[in-house]
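Below is one structure; the comments refer to it alone.
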2 protein chains.
Amino acid sequence: MNAEIVAVGSEMLTPQRVDTNSLYLTAELNNLGVEVVTKYVIGDHLERLRDAVRHAISRSEILVISGGLGPTEDDLTREAVAHALDRKLIFNSEICDALEQRFARLNRKMAEVNKRQAFVIEGATILPNDRGTAPGQWVEESGAVVMLLPGPPHELKAMFERQCIPRLARLVPQLVIRTICLRVAGMGESDLDQLIAPVYKKYQNPATTILAAAGDIQVHLRARCATEAEADALLAEVAGPIELLLGDRVYSRNGDPLESVVGDLLRQQHATVAVAESCTGGMLGERFTSVAGSSEYFVGGFITYTNEMKVEMLGVAPELLAEHGPVSKPVAEAMAAGARRRTGSTYALSITGIAGPAAGNETLPVGTTFIALADSAGTQVLQRQFLGDRTRIRNFASQLALDLLRRKTTGRS
Amino acid sequence: MNAEIVAVGSEMLTPQRVDTNSLYLTAELNNLGVEVVTKYVIGDHLERLRDAVRHAISRSEILVISGGLGPTEDDLTREAVAHALDRKLIFNSEICDALEQRFARLNRKMAEVNKRQAFVIEGATILPNDRGTAPGQWVEESGAVVMLLPGPPHELKAMFERQCIPRLARLVPQLVIRTICLRVAGMGESDLDQLIAPVYKKYQNPATTILAAAGDIQVHLRARCATEAEADALLAEVAGPIELLLGDRVYSRNGDPLESVVGDLLRQQHATVAVAESCTGGMLGERFTSVAGSSEYFVGGFITYTNEMKVEMLGVAPELLAEHGPVSKPVAEAMAAGARRRTGSTYALSITGIAGPAAGNETLPVGTTFIALADSAGTQVLQRQFLGDRTRIRNFASQLALDLLRRKTTGRS
């Protein structure tokens, strides 16, 4: 079975925006054994949308449309699909009531325009939206299915996962797809590829994809087979040698991000952690606390952006700052030790560096970063020179700090 | 004039890859006054490509195709366009000789398959490629022009800039495009639309697009006119009344994010800020420090995830925590006041709330958040009930905290 994906919205036809919903949708459709054969981005334009819908369902069995379900007059997806299928739009008072209640819970009155969101294509199944006001729709038409989904990614993902995948699974011929996602820290993309390509290049199935972010690489292996057992055997055959080559740089085998993996390790050990951040300004704390339940091990932290705050909040000695400067090994050590002392946590991580773009110099170029980890045995420090813009340098730094703690809590450093 | 863009290549239909050539092409076409009305990503498939070409040139004056000009049998763009236009492909010995010489210079023998790249659509102008082996083609057909460009971005950009833009400039009526991006805090999308739609609906030009994120809405206005002065006048005619309606909820007129706007205000006033974060865990500090140069006004902060840390780092009275709980108005106030007292900053912002997914209850459901701002005159607190998942609630909270400070520093609260 083939699928086409339409992203609706004039803003995605500007030089600044790309459609990313289609990447998520493609991954999920591929998991069901469905191939995506064409993607479109179309502005808020009735005829163009209508023509694309007609064209797509004349050739492919599945059409997923994202966006254009909002309350404004720009939001034309409902009308366009109704026109393309020659069906009416019918006002649904239950949706309208639910919308009114949603606004009432927020102590707000529903705007009149929101009633547009209560129109349903004749014969469509309504897909409730628990994260926003726009309900989705599922419409079947002579062997094809058309899904109308909201544009905001968190709404689209929740709706697709809970309501579309189970329905699609009943329509699509069963091929089993099994995946492994190895996540790897502390290695560059080309080095990793050079190391593991001799293994994965021998296989078309499983398919291997490598995705790289700052200090974080994902190796996706995807097997499509008639049975689960067959798929799992194939995955093991390829993943086994890859994991051997990568060793302890692999931090996750199920796609979990590093902050979850580290959180689980801390929880198991009944250990706690605190942070002391200079150039990352709270990013490391933000990552720790992005995990639900992190209050079990994350105590808190200090954002010490100025020298003065390093002294007052963390007890860094002014002489140390005067002699070595704030971006230095001794200051990183003193920051981590100070955070641990002042919070009583098992571990403390500190980051101090030059995120740029200005303020670099010959001895300390932009990207220079010191990362320290303090525990009861003392303090260790890493020095790194990260490349990239401000965001990338900060991402690298927070990733390496998390990985340093992972290695410590697994006895590897 | 309108343009459509087709990106060719099955690899761009995987979950990992997006087409980015179209962003560059859109920016350049917009500069010429040409609007991009549809984008496609199509796999290496002859009929689908042919159909898309036919469809595009039946509606739009300009079609730019990137990719599929390589030497392999997967590379079908030449054939597909020739089929769509009912023209022949003609072998061009000059291209073939140039290719052979290119390989000879690299001391390599040209593979037989590379001869495919020497086929030219009947009547096309050849666009030489000095950065790769695939020449481009420029084909005119009854009022429309089709460009075949190589997929690698550095080849495509060089070819488009040097060879397509000058040709397009002769075809396209000279139009100027000017834009305004208003950013708005503290309002929902549908309320905003209901308020301003009566203004912008009267105009096709400028075109209006509304984009919403957690607590942050962007209103894009885009005018296409013969002259800059005319475009600016049109923009002012529409933006003026919209700004009047939105009032001080508009925080930026040039697309700058809220953390930059607030940073500029603090810098102008020689004021400083500190943060005290519970449920956001560092996100507010991370946003302040994402702006280069934020060390001029951002002093630092306290991530006080536990009650104990609220007491020790910020001096929140234990009785206050015992009586009201950590997610309460008095504790938010005490956190902000404590952060200001301990850092000596002009302002301090605090956030305490229930980001979920667990830990909500009847009196304090998930999403309940208190945000406080302390300055020399005292402390003010907002209570809000945000909807959404953990990430969205934290985004809302950090956005509202920044906006509270913006209002304070502009004398609006």
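Chain labels A, B, ... are given in the sequence in which chains occur in the structure tokens; within each chain residues are numbered consecutively from 1, and ligands are likewise numbered from 1 in the order shown.
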At most 7 Å is the cut-off: for each residue in chain B with any atom that close to an atom of chain A, write down the nearest atom pair and the distance in Å rounded to one decimal, counting only C-alpha atoms, chain first then increasing number, as a tab-separated table.
```
residue	atom	partner	partner_atom	distance
B:Leu13	CA	A:Val36	CA	6.3
B:Thr14	CA	A:Thr26	CA	6.5
B:Pro15	CA	A:Leu23	CA	4.3
B:Gln16	CA	A:Leu23	CA	6.6
B:Leu23	CA	A:Pro15	CA	4.4
B:Tyr24	CA	A:Pro15	CA	6.5
B:Thr26	CA	A:Pro15	CA	5.4
B:Ala27	CA	A:Pro15	CA	5.0
B:Val36	CA	A:Leu13	CA	6.2
B:Val37	CA	A:Gly43	CA	6.1
B:Thr38	CA	A:Ile42	CA	4.8
B:Lys39	CA	A:Val41	CA	5.0
B:Tyr40	CA	A:Tyr40	CA	4.5
B:Val41	CA	A:Lys39	CA	5.0
B:Ile42	CA	A:Thr38	CA	4.8
B:Gly43	CA	A:Val37	CA	6.1
B:Ser190	CA	A:Pro71	CA	6.4
B:Asp191	CA	A:Ala111	CA	6.3
B:Asp193	CA	A:Thr72	CA	6.7
B:Gln194	CA	A:Val113	CA	6.8
B:Thr209	CA	A:Glu11	CA	6.4
B:Thr280	CA	A:Glu286	CA	6.6
B:Gly281	CA	A:Glu286	CA	4.8
B:Gly282	CA	A:Gly282	CA	4.0
B:Met283	CA	A:Glu286	CA	5.1
B:Gly285	CA	A:Gly282	CA	5.1
B:Glu286	CA	A:Gly282	CA	4.6
B:Thr289	CA	A:Gly281	CA	5.5
B:Ala292	CA	A:Pro357	CA	6.8
B:Ser295	CA	A:Tyr305	CA	6.7
B:Val299	CA	A:Tyr305	CA	5.5
B:Gly300	CA	A:Ile303	CA	4.7
B:Gly301	CA	A:Ile303	CA	4.5
B:Phe302	CA	A:Phe302	CA	4.8
B:Ile303	CA	A:Gly301	CA	4.5
B:Thr304	CA	A:Gly300	CA	4.7
B:Tyr305	CA	A:Gly300	CA	5.0
B:Thr306	CA	A:Val299	CA	5.8
B:Met309	CA	A:Gly300	CA	6.8
B:Gly356	CA	A:Ala292	CA	6.9
B:Pro357	CA	A:Ala292	CA	6.8
B:Gly388	CA	A:Arg131	CA	5.9
```
Write the residues of the preceding selection, restricted to N, CA and C atoms, as a compact mmCIF listing (two decimals), in the first residue's frame.
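Saved as again.txt:
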```
# COMPACT_ATOMS: atom_id res chain seq x y z
N LEU B 13 11.88 10.80 0.88
CA LEU B 13 10.60 10.27 1.35
C LEU B 13 10.81 9.32 2.52
N THR B 14 11.97 9.39 3.15
CA THR B 14 12.25 8.62 4.37
C THR B 14 11.96 9.51 5.58
N PRO B 15 11.89 8.90 6.78
CA PRO B 15 11.60 9.71 7.97
C PRO B 15 12.76 10.64 8.36
N GLN B 16 13.91 10.48 7.72
CA GLN B 16 15.09 11.21 8.20
C GLN B 16 15.43 12.46 7.39
N LEU B 23 13.86 25.73 0.26
CA LEU B 23 13.90 26.95 1.09
C LEU B 23 14.74 28.01 0.40
N TYR B 24 15.91 27.59 -0.09
CA TYR B 24 16.76 28.53 -0.85
C TYR B 24 16.01 29.03 -2.08
N THR B 26 12.83 29.18 -2.69
CA THR B 26 11.71 30.05 -2.32
C THR B 26 12.21 31.46 -2.00
N ALA B 27 13.29 31.55 -1.24
CA ALA B 27 13.81 32.88 -0.89
C ALA B 27 14.18 33.64 -2.16
N VAL B 36 5.75 31.05 -4.28
CA VAL B 36 5.74 29.59 -4.42
C VAL B 36 4.40 29.10 -3.90
N VAL B 37 3.65 28.40 -4.74
CA VAL B 37 2.29 28.01 -4.33
C VAL B 37 2.16 26.54 -3.98
N THR B 38 3.06 25.70 -4.46
CA THR B 38 3.02 24.28 -4.09
C THR B 38 4.43 23.71 -4.15
N LYS B 39 4.73 22.82 -3.19
CA LYS B 39 5.99 22.09 -3.24
C LYS B 39 5.67 20.60 -3.23
N TYR B 40 6.49 19.83 -3.92
CA TYR B 40 6.31 18.38 -3.96
C TYR B 40 7.63 17.71 -3.60
N VAL B 41 7.53 16.55 -3.00
CA VAL B 41 8.67 15.63 -2.95
C VAL B 41 8.19 14.35 -3.61
N ILE B 42 8.91 13.93 -4.64
CA ILE B 42 8.48 12.77 -5.41
C ILE B 42 9.65 11.80 -5.52
N GLY B 43 9.37 10.51 -5.41
CA GLY B 43 10.42 9.51 -5.50
C GLY B 43 10.91 9.34 -6.94
N SER B 190 -7.49 31.64 18.50
CA SER B 190 -8.80 31.96 17.96
C SER B 190 -9.28 33.33 18.42
N ASP B 191 -8.96 33.69 19.67
CA ASP B 191 -9.30 35.04 20.13
C ASP B 191 -8.61 36.10 19.29
N ASP B 193 -7.52 35.77 16.24
CA ASP B 193 -8.05 35.82 14.88
C ASP B 193 -9.39 36.54 14.81
N GLN B 194 -10.23 36.28 15.80
CA GLN B 194 -11.53 36.93 15.82
C GLN B 194 -11.37 38.46 15.89
N THR B 209 -0.67 35.45 7.42
CA THR B 209 -0.59 34.09 7.94
C THR B 209 -0.42 34.16 9.45
N THR B 280 9.97 24.46 35.77
CA THR B 280 10.64 24.65 34.48
C THR B 280 12.10 24.21 34.53
N GLY B 281 12.64 24.01 35.72
CA GLY B 281 13.93 23.34 35.90
C GLY B 281 15.13 23.96 35.19
N GLY B 282 15.06 25.22 34.80
CA GLY B 282 16.19 25.84 34.11
C GLY B 282 15.82 26.40 32.75
N MET B 283 14.58 26.11 32.30
CA MET B 283 14.18 26.53 30.95
C MET B 283 14.19 28.05 30.80
N GLY B 285 16.05 30.25 32.47
CA GLY B 285 17.46 30.65 32.38
C GLY B 285 18.03 30.30 31.02
N GLU B 286 17.70 29.13 30.54
CA GLU B 286 18.19 28.69 29.23
C GLU B 286 17.72 29.66 28.15
N THR B 289 19.62 32.99 28.37
CA THR B 289 21.01 32.89 27.95
C THR B 289 21.18 32.36 26.54
N ALA B 292 22.86 35.84 22.53
CA ALA B 292 24.25 36.25 22.65
C ALA B 292 24.32 37.61 23.35
N SER B 295 24.92 38.12 29.07
CA SER B 295 25.65 38.34 30.33
C SER B 295 25.58 39.81 30.76
N VAL B 299 21.96 37.69 35.43
CA VAL B 299 22.91 37.47 36.51
C VAL B 299 23.07 35.98 36.80
N GLY B 300 21.96 35.28 36.91
CA GLY B 300 22.01 33.87 37.24
C GLY B 300 20.70 33.42 37.82
N GLY B 301 20.69 32.23 38.39
CA GLY B 301 19.43 31.74 38.90
C GLY B 301 19.56 30.52 39.77
N PHE B 302 18.41 30.11 40.30
CA PHE B 302 18.32 28.99 41.22
C PHE B 302 17.31 27.99 40.69
N ILE B 303 17.75 26.76 40.53
CA ILE B 303 16.81 25.72 40.15
C ILE B 303 16.48 24.99 41.44
N THR B 304 15.32 25.28 42.00
CA THR B 304 14.97 24.74 43.31
C THR B 304 13.84 23.74 43.12
N TYR B 305 14.26 22.50 42.86
CA TYR B 305 13.28 21.49 42.49
C TYR B 305 12.63 20.89 43.74
N THR B 306 13.35 20.88 44.84
CA THR B 306 12.80 20.29 46.07
C THR B 306 12.43 21.40 47.06
N MET B 309 15.53 22.76 48.82
CA MET B 309 16.32 23.73 48.06
C MET B 309 15.65 25.11 48.05
N GLY B 356 3.22 17.99 35.33
CA GLY B 356 2.63 16.70 35.02
C GLY B 356 3.65 15.75 34.41
N PRO B 357 3.23 14.59 33.92
CA PRO B 357 1.83 14.18 33.83
C PRO B 357 1.23 13.73 35.16
N GLY B 388 -2.08 21.04 28.22
CA GLY B 388 -1.12 20.40 27.32
C GLY B 388 -0.24 19.43 28.07
```
Using DSSP on the backbone, list every residue of stretch 20-100 of chain B that comes out as strand (DSSP E), and give them as a ChimeraX atom specification.
-> /B:35-42,62-66,89-91
Just the selected residues (C-alpha atoms), exported as a PDB file, in the first residue's frame, please.
```
ATOM      1  CA  GLU B  35       5.277  33.322  -5.017  1.00  0.00           C
ATOM      2  CA  VAL B  36       5.743  29.589  -4.422  1.00  0.00           C
ATOM      3  CA  VAL B  37       2.295  28.011  -4.330  1.00  0.00           C
ATOM      4  CA  THR B  38       3.016  24.281  -4.094  1.00  0.00           C
ATOM      5  CA  LYS B  39       5.993  22.094  -3.244  1.00  0.00           C
ATOM      6  CA  TYR B  40       6.311  18.383  -3.955  1.00  0.00           C
ATOM      7  CA  VAL B  41       8.670  15.634  -2.948  1.00  0.00           C
ATOM      8  CA  ILE B  42       8.477  12.768  -5.410  1.00  0.00           C
ATOM      9  CA  ILE B  62       7.422  28.578 -13.243  1.00  0.00           C
ATOM     10  CA  LEU B  63       8.446  25.043 -12.301  1.00  0.00           C
ATOM     11  CA  VAL B  64      11.767  24.295 -10.643  1.00  0.00           C
ATOM     12  CA  ILE B  65      12.814  20.657 -10.361  1.00  0.00           C
ATOM     13  CA  SER B  66      15.806  19.654  -8.266  1.00  0.00           C
ATOM     14  CA  LEU B  89      15.651  13.533 -25.661  1.00  0.00           C
ATOM     15  CA  ILE B  90      18.617  14.280 -27.890  1.00  0.00           C
ATOM     16  CA  PHE B  91      22.175  13.102 -27.313  1.00  0.00           C
TER      17      PHE B  91
END
```
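The backbone trace of chain A, superposed onto chain B over all C-alpha atoms paired in order, deviates from it by an RMSD of 6.7 Å.
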How many Å separate atom CA of A:Ser60 from atom CA of B:Ala82?
->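 That distance, rounded to one decimal, is 24.4 Å.
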Helix (DSSP H, G or I) per DSSP on the backbone: members of stretch 119-325 of chain A, as a ChimeraX atom specification = /A:153-171,189-200,228-249,258-268,283-289,294-296,307-314,318-324
Tell me which protein, DNA and RNA residues are within 7 Å of stretch 199-201 of chain A, counting only C-alpha atoms, leaving out same-chain ones fewer than 6 positions away, and put them as a VMD selection string.
-> chain A and resid 208 238 242
Could you pull the residues within 10 Å of B:His220, counting only C-alpha atoms, minus those fewer than 3 positions along the same chain, as JSON, numbers by chain?
-> {"A": [11], "B": [179, 180, 181, 182, 183, 206, 207, 208, 209, 210, 211, 217, 239, 253, 254, 255]}
For those residues, write N, CA and C atoms to a file as a PDB file, in the first residue's frame.
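Saved as result39.pdb:
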```pdb
ATOM      1  N   GLU A  11       2.356  29.291   5.490  1.00  0.00           N
ATOM      2  CA  GLU A  11       3.624  29.583   6.179  1.00  0.00           C
ATOM      3  C   GLU A  11       4.700  28.562   5.821  1.00  0.00           C
TER       4      GLU A  11
ATOM      5  N   THR B 179       7.895  42.187   4.088  1.00  0.00           N
ATOM      6  CA  THR B 179       7.138  41.484   5.121  1.00  0.00           C
ATOM      7  C   THR B 179       7.248  42.173   6.480  1.00  0.00           C
ATOM      8  N   ILE B 180       6.256  41.925   7.312  1.00  0.00           N
ATOM      9  CA  ILE B 180       6.295  42.303   8.729  1.00  0.00           C
ATOM     10  C   ILE B 180       5.909  41.058   9.508  1.00  0.00           C
ATOM     11  N   CYS B 181       6.599  40.798  10.606  1.00  0.00           N
ATOM     12  CA  CYS B 181       6.203  39.695  11.489  1.00  0.00           C
ATOM     13  C   CYS B 181       5.935  40.243  12.880  1.00  0.00           C
ATOM     14  N   LEU B 182       4.654  40.337  13.246  1.00  0.00           N
ATOM     15  CA  LEU B 182       4.265  40.762  14.592  1.00  0.00           C
ATOM     16  C   LEU B 182       4.252  39.535  15.489  1.00  0.00           C
ATOM     17  N   ARG B 183       4.880  39.627  16.649  1.00  0.00           N
ATOM     18  CA  ARG B 183       4.786  38.517  17.604  1.00  0.00           C
ATOM     19  C   ARG B 183       3.982  38.975  18.808  1.00  0.00           C
ATOM     20  N   PRO B 206      -1.546  42.897   1.403  1.00  0.00           N
ATOM     21  CA  PRO B 206      -0.649  41.823   1.838  1.00  0.00           C
ATOM     22  C   PRO B 206      -1.398  40.550   2.251  1.00  0.00           C
ATOM     23  N   ALA B 207      -0.712  39.407   2.062  1.00  0.00           N
ATOM     24  CA  ALA B 207      -1.245  38.134   2.533  1.00  0.00           C
ATOM     25  C   ALA B 207      -0.920  37.983   4.017  1.00  0.00           C
ATOM     26  N   THR B 208      -1.878  37.447   4.773  1.00  0.00           N
ATOM     27  CA  THR B 208      -1.698  37.298   6.222  1.00  0.00           C
ATOM     28  C   THR B 208      -1.640  35.824   6.598  1.00  0.00           C
ATOM     29  N   THR B 209      -0.670  35.451   7.421  1.00  0.00           N
ATOM     30  CA  THR B 209      -0.588  34.086   7.944  1.00  0.00           C
ATOM     31  C   THR B 209      -0.416  34.163   9.454  1.00  0.00           C
ATOM     32  N   ILE B 210      -1.125  33.290  10.160  1.00  0.00           N
ATOM     33  CA  ILE B 210      -1.052  33.282  11.623  1.00  0.00           C
ATOM     34  C   ILE B 210      -0.483  31.946  12.093  1.00  0.00           C
ATOM     35  N   LEU B 211       0.561  32.014  12.913  1.00  0.00           N
ATOM     36  CA  LEU B 211       1.226  30.809  13.423  1.00  0.00           C
ATOM     37  C   LEU B 211       1.184  30.812  14.931  1.00  0.00           C
ATOM     38  N   ILE B 217       2.182  33.881  19.478  1.00  0.00           N
ATOM     39  CA  ILE B 217       1.560  33.858  18.154  1.00  0.00           C
ATOM     40  C   ILE B 217       2.313  34.793  17.220  1.00  0.00           C
ATOM     41  N   ALA B 239      -1.008  46.708   8.940  1.00  0.00           N
ATOM     42  CA  ALA B 239      -0.385  46.438  10.241  1.00  0.00           C
ATOM     43  C   ALA B 239      -0.821  47.466  11.277  1.00  0.00           C
ATOM     44  N   ARG B 253       8.020  43.482  16.344  1.00  0.00           N
ATOM     45  CA  ARG B 253       7.568  43.813  14.991  1.00  0.00           C
ATOM     46  C   ARG B 253       8.529  43.290  13.925  1.00  0.00           C
ATOM     47  N   ASN B 254       9.596  42.667  14.351  1.00  0.00           N
ATOM     48  CA  ASN B 254      10.590  42.176  13.381  1.00  0.00           C
ATOM     49  C   ASN B 254      10.853  40.679  13.538  1.00  0.00           C
ATOM     50  N   GLY B 255       9.969  39.993  14.258  1.00  0.00           N
ATOM     51  CA  GLY B 255      10.118  38.552  14.391  1.00  0.00           C
ATOM     52  C   GLY B 255      11.031  38.119  15.526  1.00  0.00           C
TER      53      GLY B 255
END
```
Quick one: pull the distance between atom CA of B:Leu234 and atom CA of B:Asn205, Å, one decimal.
->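 Those two atoms sit 7.9 Å apart.
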Could you tell me which of A:Ile354, A:Val366, A:Leu235, A:Ala336 comes closest to A:Ala401 if we count only C-alpha atoms?
-> A:Ala336
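Picture a line from atom CA of B:Lys88 to atom CA of B:Ile126; it runs 14.9 Å.
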Which neighbours of stretch 162-169 of chain A fall inside 9 Å, counting only C-alpha atoms, when residues of the same chain fewer than 2 positions from it are skipped, and could you give them as a PDB file with C-alpha atoms, in the first residue's frame?
```pdb
ATOM      1  CA  GLU A  28       4.825   5.540  11.495  1.00  0.00           C
ATOM      2  CA  LEU A  29       3.482   4.601   8.061  1.00  0.00           C
ATOM      3  CA  LEU A  32       2.968  -0.385   9.225  1.00  0.00           C
ATOM      4  CA  LEU A 127     -11.173  11.819  15.675  1.00  0.00           C
ATOM      5  CA  PRO A 128     -11.316  13.565  19.076  1.00  0.00           C
ATOM      6  CA  TRP A 138     -11.218   9.857   8.997  1.00  0.00           C
ATOM      7  CA  MET A 147      -7.187  11.487   7.272  1.00  0.00           C
ATOM      8  CA  LYS A 157       1.156  12.865  16.957  1.00  0.00           C
ATOM      9  CA  ALA A 158      -1.248  12.053  19.781  1.00  0.00           C
ATOM     10  CA  MET A 159      -4.171  11.745  17.359  1.00  0.00           C
ATOM     11  CA  PHE A 160      -2.305   9.679  14.784  1.00  0.00           C
ATOM     12  CA  LEU A 171      -6.603  -2.032   6.628  1.00  0.00           C
ATOM     13  CA  VAL A 172      -2.991  -2.749   5.798  1.00  0.00           C
ATOM     14  CA  PRO A 173      -1.737  -6.252   4.864  1.00  0.00           C
ATOM     15  CA  GLN A 174       0.267  -7.504   7.827  1.00  0.00           C
TER      16      GLN A 174
END
```
Looking at A:Leu85, A:Pro153, A:Val176, A:Asn2, which one is nearest to A:Asp232, with distances taken over only C-alpha atoms?
->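 Smallest distance to A:Asp232 is found for A:Val176.
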Fewer than 3 positions away in the same chain doesn't count, so skip those; otherwise give me all residues within 9 Å of A:Leu246, counting only C-alpha atoms, as a VMD selection string.
-> chain A and resid 184 192 195 to 196 241 to 243 249 to 250
